[in-house]
$ cat entry10.txt   # compact mmCIF, C-alpha atoms and all ligand atoms
# COMPACT_ATOMS: atom_id res chain seq x y z
CA MET D 1 1.59 -25.59 -1.64
CA THR D 2 0.08 -24.11 -4.77
CA GLN D 3 2.41 -21.95 -6.80
CA PHE D 4 0.50 -19.26 -8.68
CA ARG D 5 1.33 -17.77 -12.07
CA TRP D 6 2.05 -14.12 -11.54
CA GLY D 7 2.29 -11.15 -13.89
CA MET D 8 3.38 -7.55 -13.55
CA VAL D 9 2.47 -4.34 -15.32
CA GLY D 10 5.13 -1.70 -14.61
CA GLY D 11 7.90 -2.13 -12.09
CA GLY D 12 10.55 -2.13 -14.80
CA LYS D 13 14.32 -1.99 -14.44
CA GLY D 14 15.36 0.82 -12.09
CA SER D 15 11.83 1.52 -10.85
CA GLN D 16 11.44 2.27 -7.18
CA ILE D 17 8.98 -0.45 -6.18
CA GLY D 18 9.24 -3.11 -8.90
CA GLY D 19 12.15 -4.99 -7.31
CA THR D 20 10.43 -5.09 -3.93
CA HIS D 21 7.38 -6.75 -5.50
CA ARG D 22 9.55 -9.39 -7.14
CA LEU D 23 11.49 -10.17 -3.97
CA ALA D 24 8.31 -10.21 -1.89
CA ALA D 25 6.20 -12.31 -4.25
CA HIS D 26 8.97 -14.89 -4.57
CA LEU D 27 9.95 -15.06 -0.90
CA ASP D 28 7.57 -17.87 0.09
CA ARG D 29 7.50 -19.32 -3.45
CA HIS D 30 3.74 -18.82 -3.66
CA PHE D 31 4.15 -16.90 -6.92
CA ALA D 32 6.29 -17.37 -10.01
CA LEU D 33 6.84 -14.42 -12.32
CA THR D 34 5.45 -15.71 -15.59
CA ALA D 35 4.49 -12.69 -17.71
CA GLY D 36 4.78 -8.95 -17.72
CA ALA D 37 4.64 -5.62 -19.47
CA LEU D 38 7.22 -4.06 -17.26
CA ASP D 39 8.12 -0.77 -18.82
CA ILE D 40 6.71 2.25 -20.62
CA ASP D 41 9.41 1.55 -23.21
CA PRO D 42 8.29 -1.67 -24.96
CA GLU D 43 11.76 -2.92 -25.91
CA ARG D 44 13.20 -2.26 -22.47
CA GLY D 45 10.21 -4.03 -20.94
CA ARG D 46 10.54 -7.09 -23.17
CA SER D 47 14.26 -7.49 -22.65
CA PHE D 48 14.00 -7.02 -18.87
CA GLY D 49 11.17 -9.56 -18.76
CA MET D 50 13.36 -12.13 -20.47
CA GLU D 51 16.29 -11.21 -18.23
CA LEU D 52 14.00 -12.08 -15.30
CA GLY D 53 13.28 -15.48 -16.84
CA MET D 54 9.97 -14.96 -18.69
CA GLU D 55 9.44 -16.97 -21.86
CA PRO D 56 9.93 -14.61 -24.83
CA ASP D 57 6.24 -14.88 -25.83
CA ARG D 58 5.18 -13.73 -22.34
CA ALA D 59 7.56 -10.78 -22.04
CA TYR D 60 5.29 -8.13 -23.48
CA GLY D 61 5.92 -4.60 -24.70
CA ASP D 62 2.53 -3.28 -23.69
CA TRP D 63 -0.10 -4.23 -21.09
CA ARG D 64 -2.92 -4.35 -23.68
CA GLU D 65 -0.91 -6.84 -25.71
CA MET D 66 -0.34 -8.80 -22.48
CA LEU D 67 -4.06 -8.85 -21.63
CA ALA D 68 -5.07 -9.90 -25.14
CA ALA D 69 -2.57 -12.75 -25.17
CA GLU D 70 -3.05 -13.96 -21.58
CA ILE D 71 -6.85 -13.94 -21.55
CA ASP D 72 -7.35 -17.18 -23.50
CA ARG D 73 -4.33 -19.11 -22.32
CA PRO D 74 -5.14 -22.35 -20.47
CA ASP D 75 -2.21 -21.51 -18.17
CA ARG D 76 -3.33 -17.96 -17.67
CA LEU D 77 -2.09 -15.74 -14.86
CA ASP D 78 -3.52 -16.10 -11.36
CA LEU D 79 -2.55 -12.61 -10.18
CA VAL D 80 -1.50 -9.39 -11.89
CA THR D 81 0.40 -6.70 -9.98
CA ILE D 82 0.14 -3.13 -11.21
CA ALA D 83 3.20 -1.02 -10.38
CA THR D 84 3.00 1.80 -12.89
CA PRO D 85 2.72 5.50 -11.96
CA ASN D 86 -0.65 6.51 -10.53
CA ASN D 87 -2.56 7.66 -13.59
CA SER D 88 -2.64 4.23 -15.24
CA HIS D 89 -3.74 2.17 -12.22
CA TYR D 90 -7.47 2.48 -12.89
CA GLU D 91 -7.39 1.69 -16.59
CA VAL D 92 -5.08 -1.30 -16.16
CA ALA D 93 -6.86 -2.64 -13.07
CA ARG D 94 -10.26 -2.25 -14.71
CA ALA D 95 -9.22 -4.11 -17.85
CA PHE D 96 -7.64 -7.05 -15.99
CA LEU D 97 -10.45 -7.32 -13.43
CA ASP D 98 -13.03 -7.23 -16.20
CA ALA D 99 -11.26 -10.15 -17.83
CA GLY D 100 -11.44 -12.06 -14.54
CA PHE D 101 -7.83 -11.68 -13.40
CA ALA D 102 -7.10 -11.12 -9.72
CA VAL D 103 -5.29 -7.82 -9.25
CA PHE D 104 -2.82 -6.44 -6.72
CA CYS D 105 -2.65 -2.72 -7.37
CA GLU D 106 -0.21 -0.14 -6.15
CA LYS D 107 -1.60 2.79 -4.22
CA PRO D 108 -3.30 5.09 -4.94
CA MET D 109 -5.72 2.58 -6.43
CA THR D 110 -7.21 5.27 -8.67
CA LEU D 111 -7.02 9.03 -9.16
CA ASN D 112 -10.57 9.72 -7.91
CA VAL D 113 -13.41 8.20 -5.90
CA ASP D 114 -15.68 7.51 -8.87
CA GLU D 115 -13.04 5.31 -10.43
CA ALA D 116 -12.45 3.63 -7.06
CA ALA D 117 -16.18 2.95 -6.66
CA ASP D 118 -16.21 1.45 -10.15
CA LEU D 119 -13.43 -0.99 -9.20
CA ILE D 120 -15.34 -2.04 -6.09
CA ALA D 121 -18.41 -2.76 -8.21
CA LEU D 122 -16.42 -4.60 -10.85
CA SER D 123 -14.50 -6.78 -8.44
CA ARG D 124 -17.82 -7.75 -6.81
CA VAL D 125 -19.50 -8.54 -10.13
CA ARG D 126 -16.52 -10.56 -11.33
CA ARG D 127 -15.99 -12.05 -7.84
CA THR D 128 -12.31 -11.37 -8.30
CA LEU D 129 -9.70 -10.33 -5.78
CA CYS D 130 -8.61 -6.70 -6.01
CA ALA D 131 -6.07 -5.82 -3.32
CA VAL D 132 -4.03 -2.68 -2.77
CA ASN D 133 -0.41 -2.44 -1.68
CA TYR D 134 -0.55 -0.60 1.61
CA SER D 135 2.71 -2.36 2.23
CA TYR D 136 3.43 -1.29 5.82
CA SER D 137 0.37 -3.16 7.10
CA GLY D 138 2.36 -6.33 6.47
CA TYR D 139 4.87 -5.59 9.26
CA PRO D 140 4.50 -8.09 12.14
CA MET D 141 4.55 -5.39 14.82
CA ILE D 142 1.82 -3.42 13.03
CA ARG D 143 -0.29 -6.58 13.09
CA GLN D 144 0.62 -6.91 16.77
CA ALA D 145 -0.53 -3.33 17.43
CA ARG D 146 -3.80 -4.05 15.66
CA ALA D 147 -4.35 -7.21 17.73
CA MET D 148 -3.58 -5.34 20.96
CA VAL D 149 -6.01 -2.52 20.19
CA ALA D 150 -8.70 -5.07 19.32
CA ASP D 151 -7.98 -6.88 22.61
CA GLY D 152 -8.38 -3.66 24.59
CA ALA D 153 -4.72 -3.53 25.69
CA ILE D 154 -4.74 0.27 25.59
CA GLY D 155 -8.47 0.84 26.08
CA LYS D 156 -10.60 2.98 23.84
CA VAL D 157 -8.36 4.91 21.48
CA ARG D 158 -8.36 8.66 21.98
CA VAL D 159 -5.54 10.05 19.83
CA VAL D 160 -3.44 8.90 16.86
CA MET D 161 -0.26 10.70 15.85
CA ALA D 162 1.03 9.61 12.44
CA GLU D 163 4.00 10.88 10.54
CA PHE D 164 5.42 10.04 7.14
CA ALA D 165 7.93 12.80 6.55
CA HIS D 166 11.12 12.16 4.57
CA GLY D 167 13.66 14.40 2.90
CA GLY D 168 13.86 12.54 -0.39
CA HIS D 169 12.43 15.32 -2.55
CA ALA D 170 13.91 18.33 -0.76
CA ASP D 171 15.33 19.74 -3.96
CA ALA D 172 14.00 20.03 -7.51
CA ASP D 173 15.32 16.56 -8.37
CA PRO D 174 14.88 16.13 -12.14
CA SER D 175 14.86 12.30 -12.12
CA PRO D 176 11.73 10.88 -13.78
CA GLY D 177 10.69 8.91 -10.67
CA THR D 178 10.51 12.16 -8.68
CA VAL D 179 9.17 14.51 -11.38
CA TRP D 180 5.96 12.54 -12.09
CA ARG D 181 5.02 12.63 -8.40
CA TYR D 182 4.46 16.42 -8.64
CA ASP D 183 2.76 16.35 -12.04
CA PRO D 184 -1.05 16.43 -11.53
CA LYS D 185 -1.64 14.65 -14.85
CA ILE D 186 0.26 11.60 -13.56
CA ALA D 187 0.13 11.83 -9.76
CA GLY D 188 -3.43 13.15 -9.35
CA ASP D 189 -4.55 16.07 -7.16
CA SER D 190 -2.00 15.43 -4.42
CA ALA D 191 1.69 14.58 -4.24
CA VAL D 192 3.17 13.78 -0.84
CA LEU D 193 -0.13 12.98 0.86
CA THR D 194 -0.91 10.40 -1.81
CA ASP D 195 2.65 9.17 -2.10
CA ALA D 196 3.59 8.89 1.57
CA GLY D 197 0.89 10.18 3.93
CA SER D 198 -1.77 7.81 2.63
CA HIS D 199 0.29 4.89 3.98
CA ALA D 200 0.23 6.39 7.48
CA LEU D 201 -3.51 7.01 7.22
CA PHE D 202 -4.05 3.41 6.23
CA LEU D 203 -1.96 2.22 9.19
CA ALA D 204 -4.11 4.33 11.52
CA THR D 205 -7.36 2.81 10.28
CA PHE D 206 -5.82 -0.68 10.15
CA ILE D 207 -4.59 -0.53 13.76
CA LEU D 208 -7.76 1.11 15.09
CA GLY D 209 -10.12 -1.09 13.06
CA ASP D 210 -11.93 2.13 12.29
CA ARG D 211 -12.75 4.46 9.41
CA LEU D 212 -11.61 8.00 8.84
CA ASP D 213 -14.63 10.25 9.06
CA ALA D 214 -13.38 13.79 8.37
CA VAL D 215 -10.18 15.71 7.75
CA SER D 216 -8.95 19.27 7.93
CA ALA D 217 -5.81 19.86 5.88
CA VAL D 218 -3.09 22.41 5.20
CA PHE D 219 -1.01 21.85 2.04
CA ASP D 220 2.23 23.65 1.22
CA ARG D 221 4.56 23.68 -1.76
CA CYS D 222 8.04 24.30 -0.37
CA VAL D 223 10.17 23.64 -3.45
CA PRO D 224 9.56 26.43 -5.97
CA GLY D 225 7.86 25.41 -9.19
CA ARG D 226 5.95 22.44 -7.80
CA GLU D 227 2.29 22.24 -8.77
CA LEU D 228 1.39 19.88 -5.91
CA GLU D 229 2.07 19.85 -2.18
CA ASP D 230 5.34 18.58 -0.77
CA ASP D 231 4.29 19.13 2.85
CA ALA D 232 0.91 18.60 4.48
CA LEU D 233 -0.59 18.63 7.95
CA LEU D 234 -3.93 16.97 8.60
CA ALA D 235 -6.26 16.89 11.57
CA LEU D 236 -8.26 13.66 11.63
CA ARG D 237 -11.54 12.47 13.07
CA PHE D 238 -12.29 8.77 13.16
CA SER D 239 -15.77 7.24 13.20
CA GLY D 240 -15.27 5.66 16.63
CA GLY D 241 -14.51 9.02 18.25
CA ALA D 242 -10.70 9.05 18.16
CA VAL D 243 -8.95 12.14 16.85
CA GLY D 244 -5.59 12.31 15.14
CA ARG D 245 -2.90 14.28 13.36
CA LEU D 246 -0.79 13.45 10.35
CA TRP D 247 2.31 15.27 9.21
CA THR D 248 3.61 14.18 5.84
CA SER D 249 6.45 15.78 3.96
CA SER D 250 9.04 15.10 1.28
CA VAL D 251 11.27 18.03 2.25
CA ALA D 252 12.17 16.93 5.79
CA ILE D 253 15.94 16.74 5.30
CA GLY D 254 17.58 14.38 7.77
CA GLN D 255 14.58 12.11 8.05
CA ILE D 256 15.38 9.06 5.96
CA HIS D 257 12.11 7.20 5.55
CA GLY D 258 10.25 8.91 8.37
CA LEU D 259 7.19 6.72 8.99
CA THR D 260 6.02 6.50 12.60
CA ILE D 261 2.69 5.93 14.27
CA ARG D 262 1.65 6.42 17.88
CA VAL D 263 -1.72 5.43 19.28
CA PHE D 264 -2.93 6.64 22.68
CA GLY D 265 -5.86 4.97 24.42
CA GLU D 266 -7.58 5.42 27.76
CA THR D 267 -5.27 2.91 29.49
CA GLY D 268 -2.09 2.85 27.44
CA GLY D 269 -0.11 3.84 24.40
CA LEU D 270 1.64 2.14 21.46
CA SER D 271 4.46 3.49 19.35
CA TRP D 272 6.10 2.08 16.19
CA SER D 273 8.66 3.40 13.76
CA GLN D 274 9.35 1.85 10.38
CA GLU D 275 13.09 2.32 10.72
CA GLN D 276 13.09 0.09 13.82
CA PRO D 277 10.24 -2.16 12.67
CA ASN D 278 11.01 -5.11 14.92
CA GLN D 279 10.09 -3.27 18.10
CA LEU D 280 6.72 -2.04 19.33
CA TYR D 281 6.68 0.22 22.39
CA PHE D 282 3.81 -0.50 24.76
CA SER D 283 3.14 1.89 27.66
CA PRO D 284 0.41 0.69 30.04
CA ILE D 285 -0.89 3.57 32.15
CA GLY D 286 1.15 4.07 35.33
CA GLU D 287 3.76 1.45 34.37
CA ALA D 288 7.14 1.46 32.70
CA THR D 289 7.21 1.25 28.92
CA ARG D 290 7.81 -2.25 27.53
CA ILE D 291 9.55 -3.02 24.28
CA LEU D 292 7.82 -5.89 22.50
CA GLU D 293 10.12 -7.72 20.10
CA ARG D 294 9.17 -9.30 16.80
CA GLY D 295 9.44 -13.08 16.65
CA THR D 296 8.85 -13.72 20.37
CA ALA D 297 6.36 -16.15 21.84
CA TYR D 298 4.31 -13.59 23.76
CA LEU D 299 3.02 -11.92 20.58
CA ALA D 300 -0.41 -12.34 19.02
CA PRO D 301 -0.77 -15.24 16.53
CA GLU D 302 -1.13 -12.87 13.54
CA ALA D 303 2.14 -11.14 14.47
CA LEU D 304 3.92 -14.49 14.84
CA LYS D 305 2.53 -15.72 11.54
CA ALA D 306 3.93 -12.60 9.86
CA SER D 307 7.52 -13.44 10.92
CA ARG D 308 9.82 -15.90 9.20
CA ILE D 309 12.82 -15.89 11.53
CA GLY D 310 13.21 -15.64 15.28
CA GLY D 311 13.43 -12.49 17.36
CA GLY D 312 16.69 -10.55 17.35
CA HIS D 313 17.24 -10.91 13.62
CA ALA D 314 16.16 -8.05 11.41
CA GLU D 315 13.14 -8.40 9.16
CA GLY D 316 11.97 -5.49 7.09
CA PHE D 317 10.14 -4.08 4.12
CA VAL D 318 10.49 -7.02 1.75
CA GLU D 319 9.08 -9.42 4.35
CA ALA D 320 6.23 -7.01 5.08
CA VAL D 321 5.21 -6.91 1.43
CA ALA D 322 5.75 -10.68 1.26
CA ASN D 323 3.12 -11.00 3.98
CA LEU D 324 0.62 -9.27 1.71
CA TYR D 325 1.55 -11.68 -1.10
CA ARG D 326 1.12 -14.57 1.31
CA ASP D 327 -2.33 -13.27 2.23
CA ALA D 328 -3.16 -12.99 -1.47
CA ALA D 329 -1.97 -16.58 -2.00
CA ASP D 330 -4.12 -17.79 0.91
CA ILE D 331 -7.15 -16.07 -0.60
CA LEU D 332 -6.48 -17.42 -4.09
CA ALA D 333 -5.98 -20.93 -2.67
CA GLY D 334 -9.34 -20.66 -0.90
CA GLY D 335 -8.24 -22.93 1.96
CA PRO D 336 -8.71 -22.58 5.72
CA GLU D 337 -6.48 -19.48 5.88
CA ALA D 338 -8.48 -17.52 3.30
CA GLU D 339 -10.97 -15.89 5.64
CA ALA D 340 -8.34 -14.58 8.07
CA ALA D 341 -6.24 -13.37 5.14
CA ARG D 342 -9.20 -11.36 3.82
CA HIS D 343 -9.23 -9.42 7.10
CA ARG D 344 -5.54 -8.58 6.80
CA LEU D 345 -4.96 -7.88 3.13
CA PRO D 346 -5.84 -4.28 2.11
CA THR D 347 -8.91 -4.62 -0.09
CA VAL D 348 -10.47 -2.71 -2.94
CA GLU D 349 -12.65 -1.01 -0.29
CA ASP D 350 -9.49 0.09 1.53
CA GLY D 351 -8.21 1.41 -1.78
CA PHE D 352 -11.41 3.44 -2.09
CA ASP D 353 -11.03 4.79 1.45
CA GLY D 354 -7.46 5.88 0.73
CA VAL D 355 -8.49 7.75 -2.40
CA ALA D 356 -11.48 9.27 -0.57
CA ALA D 357 -9.29 10.49 2.31
CA VAL D 358 -6.90 12.24 -0.06
CA SER D 359 -9.80 13.74 -1.98
CA ALA D 360 -11.34 15.11 1.23
CA ALA D 361 -7.97 16.56 2.26
CA VAL D 362 -7.52 18.23 -1.15
CA ASP D 363 -11.00 19.77 -0.81
CA SER D 364 -10.25 20.93 2.72
CA ALA D 365 -6.85 22.42 1.88
CA SER D 366 -8.24 24.34 -1.07
CA ALA D 367 -11.10 25.74 1.05
CA GLY D 368 -9.08 27.17 3.93
CA SER D 369 -8.74 23.94 5.95
CA ILE D 370 -12.46 23.54 6.67
CA TRP D 371 -13.49 20.09 7.91
CA SER D 372 -14.26 17.86 4.97
CA GLN D 373 -16.20 14.57 5.21
CA VAL D 374 -14.50 11.48 3.79
CA ARG D 375 -16.77 9.90 1.20
CA ARG D 376 -17.98 6.37 1.87
CA ALA D 377 -18.22 3.62 -0.68
CA THR D 378 -21.89 2.73 -1.04
CA GLY D 379 -23.27 -0.78 -0.92
N1 LIG D 401 3.45 0.64 -1.67
C1 LIG D 401 4.61 1.27 -1.57
O1 LIG D 401 5.26 1.20 -0.56
C2 LIG D 401 5.10 2.06 -2.75
C3 LIG D 401 6.42 2.52 -2.81
C4 LIG D 401 6.84 3.19 -3.96
C5 LIG D 401 5.95 3.42 -5.00
N2 LIG D 401 4.65 3.00 -4.87
C6 LIG D 401 3.67 3.19 -5.96
O2 LIG D 401 4.07 2.36 -7.04
C7 LIG D 401 3.81 3.00 -8.27
C8 LIG D 401 5.10 3.07 -9.08
O3 LIG D 401 6.02 3.89 -8.36
P1 LIG D 401 7.59 3.84 -8.62
O4 LIG D 401 8.18 4.72 -7.61
O5 LIG D 401 8.07 2.44 -8.73
O6 LIG D 401 7.65 4.57 -10.05
P2 LIG D 401 8.88 4.63 -11.02
O7 LIG D 401 8.70 5.86 -11.83
O8 LIG D 401 10.15 4.41 -10.28
O9 LIG D 401 8.65 3.32 -11.95
C9 LIG D 401 7.50 3.16 -12.73
C10 LIG D 401 7.70 1.97 -13.65
O10 LIG D 401 6.49 1.75 -14.39
C11 LIG D 401 6.82 1.67 -15.80
N3 LIG D 401 5.66 2.13 -16.54
C12 LIG D 401 5.15 3.37 -16.62
N4 LIG D 401 4.04 3.38 -17.38
C13 LIG D 401 3.85 2.10 -17.80
C14 LIG D 401 2.88 1.47 -18.61
N5 LIG D 401 1.87 2.15 -19.15
N6 LIG D 401 3.00 0.13 -18.84
C15 LIG D 401 4.01 -0.57 -18.30
N7 LIG D 401 4.96 -0.02 -17.51
C16 LIG D 401 4.89 1.31 -17.27
C17 LIG D 401 8.04 2.55 -15.95
O11 LIG D 401 8.75 2.27 -17.14
C18 LIG D 401 8.81 2.19 -14.69
O12 LIG D 401 9.50 0.97 -14.85
C19 LIG D 401 3.23 4.37 -7.92
O13 LIG D 401 1.84 4.34 -8.05
C20 LIG D 401 3.62 4.61 -6.47
O14 LIG D 401 2.67 5.37 -5.78
C21 LIG D 401 4.23 2.33 -3.79
$ encode --input "entry10.txt" --output "structure tokens"
Amino acid sequence: MTQFRWGMVGGGKGSQIGGTHRLAAHLDRHFALTAGALDIDPERGRSFGMELGMEPDRAYGDWREMLAAEIDRPDRLDLVTIATPNNSHYEVARAFLDAGFAVFCEKPMTLNVDEAADLIALSRVRRTLCAVNYSYSGYPMIRQARAMVADGAIGKVRVVMAEFAHGGHADADPSPGTVWRYDPKIAGDSAVLTDAGSHALFLATFILGDRLDAVSAVFDRCVPGRELEDDALLALRFSGGAVGRLWTSSVAIGQIHGLTIRVFGETGGLSWSQEQPNQLYFSPIGEATRILERGTAYLAPEALKASRIGGGHAEGFVEAVANLYRDAADILAGGPEAEAARHRLPTVEDGFDGVAAVSAAVDSASAGSIWSQVRRATG
């Protein structure tokens, strides 16, 4: 097994997602945290980097300093994860990709579609991996749902109901990790749709193997003073003819994480909830609903590959993100698993689609919920 040298930009001490990346990247020992510029505060970033075991000369105070120093090293990094707030993703990803580093970027990949198109072009020119952390696609039972839809287990998909509605921002929480999510200069044109809803949209396209074609959106700001939406309802049209709905909210008190997806086809339905991730409900038409369990022999190979322990034990979010890191490792290694991994790992094109879907929803919501086409990446 190759162990890759791994770096991080952002994800400092106390950040929401930084610790998950470190647990996930290390789980299968494919990656070793080697360098980082982990924090907006240079000193805090350096000292946390060393606390995590980085050599002092590779615990950087700033990502530009990190890039300049890493670029010519013979033992340079194999993968750089970007886990800063949204408004720096493009600049950091662009700089590292341009220097030939493979990148694993947090969502949203960029703040707008032009930047996203630029990253597609750059990753193609540099022939460098640029993946995006749509983390929930790493869950085994999501991969099972995708395999079942592809196999025709529920027939042609008619309707998708997706929900990512939590109550985590139901008050005017002044903590920095909440405040930036409603600041358009940092978050972009959308708050909860970008932050939460975009994950559910990605799951829908991932499971269906389809693209989102058009959206009609209603945005609301429930907590006074917010500049961006904290509740949104979208109607969806997919290229293959399926329709869908998405409710996303950060003011849904009582819902803890609140991510569910249900897919209804001509001959059956599938239902999955992130808070019970080890079960997938399968309802063939005219028959009793079956509960498919993670880690059991009757599952599709890609679902089995995504599990590390047998059925009945709990696996969760860290393992799901670890599956994306394992896919990235398979691609970087270039061995027999690389091609299959490319079909699983959310790509730079998926990052574009996510940004384009949000942009179409913003346009729709600001124009009285008219249907808005989702822009396609060209080429
Ligand atoms: N994929 C997921 O499931 C998931 C979950 C949570 C957050 N996210 C995404 O991850 C990103 C970070 O979110 P978060 O909740 O962890 O934010 P956060 O505010 O909790 O943490 C951000 C971290 O980045 C650091 N940082 C900020 N600017 C930096 C810079 N220029 N250079 C280096 N470090 C910098 C901060 O010091 C902090 O440590 C966001 O884009 C968010 O959308 C994704």
$ residues_around --input "entry10.txt" --residues "Arg73 (chain D)" --least-positions-apart "3" --cutoff "12 Å" --atoms "only C-alpha atoms" --output "PyMOL selection string"
chain D and resi 5+35+57-58+66-70+76-78
$ write_last_selection --input "entry10.txt" --atoms "C-alpha atoms" --output "PDB file, keeping the file's coordinate frame"
ATOM      1  CA  ARG D   5       1.330 -17.770 -12.070  1.00  0.00           C
ATOM      2  CA  ALA D  35       4.490 -12.690 -17.710  1.00  0.00           C
ATOM      3  CA  ASP D  57       6.240 -14.880 -25.830  1.00  0.00           C
ATOM      4  CA  ARG D  58       5.180 -13.730 -22.340  1.00  0.00           C
ATOM      5  CA  MET D  66      -0.340  -8.800 -22.480  1.00  0.00           C
ATOM      6  CA  LEU D  67      -4.060  -8.850 -21.630  1.00  0.00           C
ATOM      7  CA  ALA D  68      -5.070  -9.900 -25.140  1.00  0.00           C
ATOM      8  CA  ALA D  69      -2.570 -12.750 -25.170  1.00  0.00           C
ATOM      9  CA  GLU D  70      -3.050 -13.960 -21.580  1.00  0.00           C
ATOM     10  CA  ARG D  76      -3.330 -17.960 -17.670  1.00  0.00           C
ATOM     11  CA  LEU D  77      -2.090 -15.740 -14.860  1.00  0.00           C
ATOM     12  CA  ASP D  78      -3.520 -16.100 -11.360  1.00  0.00           C
TER      13      ASP D  78
END
$ closest_atom_pairs --input "entry10.txt" --of "chain D" --to "ligand LIG 401 (chain D)" --cutoff "9 Å" --atoms "all atoms listed in the file" --output "CSV"
residue,atom,partner,partner_atom,distance
D:Met8,CA,D:LIG401,C15,8.5
D:Val9,CA,D:LIG401,C15,5.0
D:Gly10,CA,D:LIG401,N7,3.4
D:Gly11,CA,D:LIG401,C10,4.4
D:Gly12,CA,D:LIG401,O12,3.3
D:Lys13,CA,D:LIG401,O12,5.7
D:Gly14,CA,D:LIG401,O12,6.5
D:Ser15,CA,D:LIG401,O8,3.4
D:Gln16,CA,D:LIG401,O5,3.7
D:Ile17,CA,D:LIG401,O5,4.0
D:Gly18,CA,D:LIG401,O5,5.7
D:Gly19,CA,D:LIG401,O5,8.6
D:Thr20,CA,D:LIG401,C3,8.7
D:Gly36,CA,D:LIG401,C15,8.4
D:Ala37,CA,D:LIG401,C15,5.2
D:Leu38,CA,D:LIG401,N7,4.6
D:Asp39,CA,D:LIG401,N7,3.5
D:Ile40,CA,D:LIG401,C16,3.9
D:Asp41,CA,D:LIG401,O11,6.1
D:Pro42,CA,D:LIG401,C15,8.0
D:Arg44,CA,D:LIG401,O11,8.3
D:Gly45,CA,D:LIG401,N7,7.4
D:Gly61,CA,D:LIG401,C15,7.8
D:Asp62,CA,D:LIG401,N6,5.9
D:Trp63,CA,D:LIG401,N6,5.8
D:Arg64,CA,D:LIG401,N6,8.9
D:Ile82,CA,D:LIG401,C7,7.7
D:Ala83,CA,D:LIG401,C7,4.6
D:Thr84,CA,D:LIG401,O10,3.8
D:Pro85,CA,D:LIG401,O13,4.2
D:Asn86,CA,D:LIG401,O13,4.1
D:Asn87,CA,D:LIG401,O13,7.8
D:Ser88,CA,D:LIG401,N5,6.3
D:His89,CA,D:LIG401,O13,7.3
D:Val92,CA,D:LIG401,N5,8.3
D:Cys105,CA,D:LIG401,O13,8.4
D:Glu106,CA,D:LIG401,O2,5.0
D:Lys107,CA,D:LIG401,O14,5.2
D:Pro108,CA,D:LIG401,O14,6.0
D:Met109,CA,D:LIG401,O13,7.9
D:Val132,CA,D:LIG401,N1,8.3
D:Asn133,CA,D:LIG401,N1,4.9
D:Tyr134,CA,D:LIG401,N1,5.3
D:Ser135,CA,D:LIG401,N1,5.0
D:Tyr136,CA,D:LIG401,O1,7.1
D:Ser175,CA,D:LIG401,O7,8.9
D:Pro176,CA,D:LIG401,O7,6.2
D:Gly177,CA,D:LIG401,O7,3.8
D:Thr178,CA,D:LIG401,O7,7.3
D:Val179,CA,D:LIG401,O7,8.7
D:Trp180,CA,D:LIG401,O7,7.2
D:Arg181,CA,D:LIG401,O14,8.1
D:Ala187,CA,D:LIG401,O13,7.9
D:Thr194,CA,D:LIG401,O14,7.3
D:Asp195,CA,D:LIG401,O14,5.3
D:Ala196,CA,D:LIG401,O1,8.2
D:His199,CA,D:LIG401,O1,7.7
D:Phe317,CA,D:LIG401,O1,8.6
D:Val321,CA,D:LIG401,N1,8.3
$ closest_atom_pairs --input "entry10.txt" --of "region 125-218 of chain D" --to "region 281-304 of chain D" --cutoff "12 Å" --atoms "only C-alpha atoms" --output "JSON lines"
{"residue": "D:Ser137", "atom": "CA", "partner": "D:Ala303", "partner_atom": "CA", "distance": 11.0}
{"residue": "D:Gly138", "atom": "CA", "partner": "D:Ala303", "partner_atom": "CA", "distance": 9.3}
{"residue": "D:Tyr139", "atom": "CA", "partner": "D:Ala303", "partner_atom": "CA", "distance": 8.1}
{"residue": "D:Pro140", "atom": "CA", "partner": "D:Ala303", "partner_atom": "CA", "distance": 4.5}
{"residue": "D:Met141", "atom": "CA", "partner": "D:Ala303", "partner_atom": "CA", "distance": 6.2}
{"residue": "D:Ile142", "atom": "CA", "partner": "D:Ala303", "partner_atom": "CA", "distance": 7.9}
{"residue": "D:Arg143", "atom": "CA", "partner": "D:Ala303", "partner_atom": "CA", "distance": 5.3}
{"residue": "D:Gln144", "atom": "CA", "partner": "D:Ala303", "partner_atom": "CA", "distance": 5.0}
{"residue": "D:Ala145", "atom": "CA", "partner": "D:Ala303", "partner_atom": "CA", "distance": 8.8}
{"residue": "D:Arg146", "atom": "CA", "partner": "D:Ala303", "partner_atom": "CA", "distance": 9.3}
{"residue": "D:Ala147", "atom": "CA", "partner": "D:Ala300", "partner_atom": "CA", "distance": 6.6}
{"residue": "D:Met148", "atom": "CA", "partner": "D:Ala300", "partner_atom": "CA", "distance": 7.9}
{"residue": "D:Val149", "atom": "CA", "partner": "D:Phe282", "partner_atom": "CA", "distance": 11.0}
{"residue": "D:Ala150", "atom": "CA", "partner": "D:Ala300", "partner_atom": "CA", "distance": 11.0}
{"residue": "D:Asp151", "atom": "CA", "partner": "D:Ala300", "partner_atom": "CA", "distance": 10.0}
{"residue": "D:Gly152", "atom": "CA", "partner": "D:Pro284", "partner_atom": "CA", "distance": 11.2}
{"residue": "D:Ala153", "atom": "CA", "partner": "D:Pro284", "partner_atom": "CA", "distance": 7.9}
{"residue": "D:Ile154", "atom": "CA", "partner": "D:Pro284", "partner_atom": "CA", "distance": 6.8}
{"residue": "D:Gly155", "atom": "CA", "partner": "D:Pro284", "partner_atom": "CA", "distance": 9.7}
$ residues_around --input "entry10.txt" --residues "region 357-361 of chain D" --least-positions-apart "3" --cutoff "6 Å" --atoms "only C-alpha atoms" --output "list of chain:residue names"
D:Val215, D:Ala217, D:Gly354, D:Ser364, D:Ala365, D:Ser372, D:Val374
